[in-house]
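Since the structure comes first, as structure tokens, the remarks are kept for the end.
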Amino acid sequence: MVKIGILGVGTVGASVANILEENADIIEARAGKKIVVKSGVVKNLSKERGVSIKLSEDPLDVVNDPEIDIVVELMGGIEEPYALVKKALENGKAVVTANKALLAYHRYELQEIAGDLPLMYEASTAGGIPIIGALRNGLSANHINSIQGIMNGTCNYMLTKMINEGAQYDEILKEAQELGYAEADPTFDVGGFDASHKLLILASIAYGIDAKPEDILIEGIENITQADVAFAKDFGYAIKLLGIAKKVGEAVELRVHATMIPEESMIAKVDGVMNAVTVVGDRVGETLYYGPGAGGDATASAVIADIVDIVRGNQGPMLGYKKGLESGLRLLPKEEICSHYYLRMSVDDKKGVLATVTQLFSELDISIEGMMQNPDNDHDERVELLFITHECQEKMIQEAMQALEKLDVINGKVAMIRIEK
Ligand code: NDP
Ligand code: HSE
């Protein structure tokens with residue numbers, strides 16, 4: 001018999017406990033051994049959680065319990081779970097975690113501490129989709145050319161409702177929280193940080209890149225307006241929060257941001273809490289992974305898959321590379337990333353304004369691919385100019401936005417969304 005201890009019996013932890021009990025027969029048949037939860041840990045013992053396992057308030061009751069073989073970390077946070085996971089590994093226990101924030105900051109240290117002990121994290125990225133297993137095992141014959149995906153269920157749920165139903169941002173965020181999709185601090189979701197944590201985990205497995213969130217370009221969905229949505233529709237785009245990793249020569253670009261993508265592309269059709277990730281390998285070509293990216297049972301499904309793998313004895317290097325044999329690729333500085341850009345600005349409705357704006361683009365060597373002029377619904381004497389640029393570097397568009405915002409005829413901030421064709 002294999003005994004499990006669960007650190008954090010919240011949305012995911014409660015599902016793990018219940019599925020291990022309710023699907024015990026099939027799980028035992030697949031793992032080859034009976035798997036039982038010995039105990040779990042919560043902050044507040046008086047809360048009702050719908051589980052039948054023994055609970056305590058002290059994480060060390062699990063981490064130091066000599067009878068527990070596998071510690072499952074589902075409490076969230078960074079430094080506290082790091083200390084507990086480290087302790088569990090030092091105590092000789094295998095660990096399973098769904099905590100991408102922990103891994104975004106400490107995955108290489110944890111790999112070192114784990115040594116030959118299993119430390120598995122399938123649920124950390126794209127919830128119930130087995131994308132970690134696909135990259136670590138299924139695609140190991142390939143150089144990875146690119147990874148692109150919807151990696152945050154909360155943002156996709158919100159964008160879908162905002163775009164399809166005109167729903168209000170705050171209302172829909174509250175709904176995502178009630179459904180158990182959002183992080184304890186939802187700014188991690190809407191600010192793009194959660195997706196960046198997942199992208200960094202995938203980038204380690206695909207490219208051996210040891211980067212932290214601070215090193216890469218991260219933007220969220222907070223500034224998307226109905227004007228952007230309408231423009232995107234007119235020009236045949238959907239708007240999604242994407243995590244993107246691309247091999248460019250001997251470097252890898254990593255970025256998370258709201259993105260306009262052609263509405264006929266496969267991931268443009270992925271709605272609601274669903275996630276989808278495409279991986280292009282140099283030998284396999286394009287592969288697509290699709291499924292629920294958040295929610296208790298979907299995430300628990302991936303957590304339990306890791307437990308079964310550990311019980312079966314399946315493992316390899318935690319981050320997919322044998323130590324010392326990493327790819328040697330470097331992180332591309334964010335200013336050097338190239339993209340097409342959509343820009344929206346409110347300008348005075350006066351003669352010569354359009355010429356002034358396009359003159360500035362020309363001086364900065366940015367070429368315009370398309371443009372539109374709309375009434376500014378909030379101000380009679382203004383109009384909105386919307387541009388799509390040809391491909392240019394991130395540093396050029398940042399310079400252009402700063403220069404545009406200094407022009408007297410431009411009112412307020414210039415909004416920008418990157419475009420992937
Ligand atoms: P919840 O907030 O629902 O659950 C967290 C649990 O941990 C709660 O039971 C909480 O106790 C307990 N906890 C937190 N801190 C402590 C502490 N210091 N001591 C003891 N117990 C503690 O989170 P989720 O289940 O949603 O998420 C868990 C992890 O899984 C996170 O890392 C998250 O990023 C990740 N994840 C979540 C997904 C989802 O869809 N929800 C999907 C994929 C990954 P109490 O209930 O008493 O407050
Ligand atoms: N908050 C995360 C999301 C949970 O919405 O995708 C899954 O990692």
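Just so we're on the same page: first chain in the structure tokens is A, next is B, and so on; residues restart at 1 for each chain, and ligands are numbered from 1 in the order they show up.
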
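A distance cut-off of 6 Å from ligand 1, applied to only C-alpha atoms and all ligand atoms, picks out the residues Gly8, Val9, Gly10, Thr11, Val12, Gly13, Val41, Val42, Lys43, Asn44, Glu57, Pro59, Leu74, Met75, Gly76, Ala98, Asn99, Ala123, Ser124, Gly127, Gly180, Tyr181, Glu183, Ala184, Ala294, Gly295, Gly296 and Thr299 of chain A.
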
Practice problem: Among the residues of region 169-417 of chain A, find those DSSP assigns to helix (DSSP H, G or I) from the backbone and print them as a ChimeraX atom specification. | Solution: /A:169-178,187-190,193-207,213-215,226-234,266-269,296-312,334-336,353-363,394-406

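In this comparison, which uses only C-alpha atoms, the residue of A:Ala101, A:Leu404, A:Val409, A:Val51 approaching Ala14 (chain A) most closely is A:Val51.
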
Self-check item: Nearest to Tyr290 (chain A) by atom-to-atom distance, counting only C-alpha atoms, from A:Lys198, A:Arg255, A:Glu384, A:Met151
Solution: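 Among the listed residues, A:Met151 lies closest to Tyr290 (chain A).
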
Quiz item: If we count only C-alpha atoms, what is near Glu391 (chain A) at a cut-off of 7 Å, once residues fewer than 3 positions away on the same chain are taken out, given as a PyMOL selection string?
Solution: chain A and resi 338-340

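Ranking A:Met274, A:Leu89, A:Ala227, A:Leu325 by their shortest atom-to-atom distance to ligand 2, with only C-alpha atoms and all ligand atoms included, puts A:Met274 first.
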
Quiz prompt | Selected residue of minimal separation from ligand 2 among A:His257, A:Lys421, A:Arg382, A:Lys100, counting only C-alpha atoms and all ligand atoms | solution =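 Comparing A:His257, A:Lys421, A:Arg382, A:Lys100 against ligand 2, the winner is A:Lys100.
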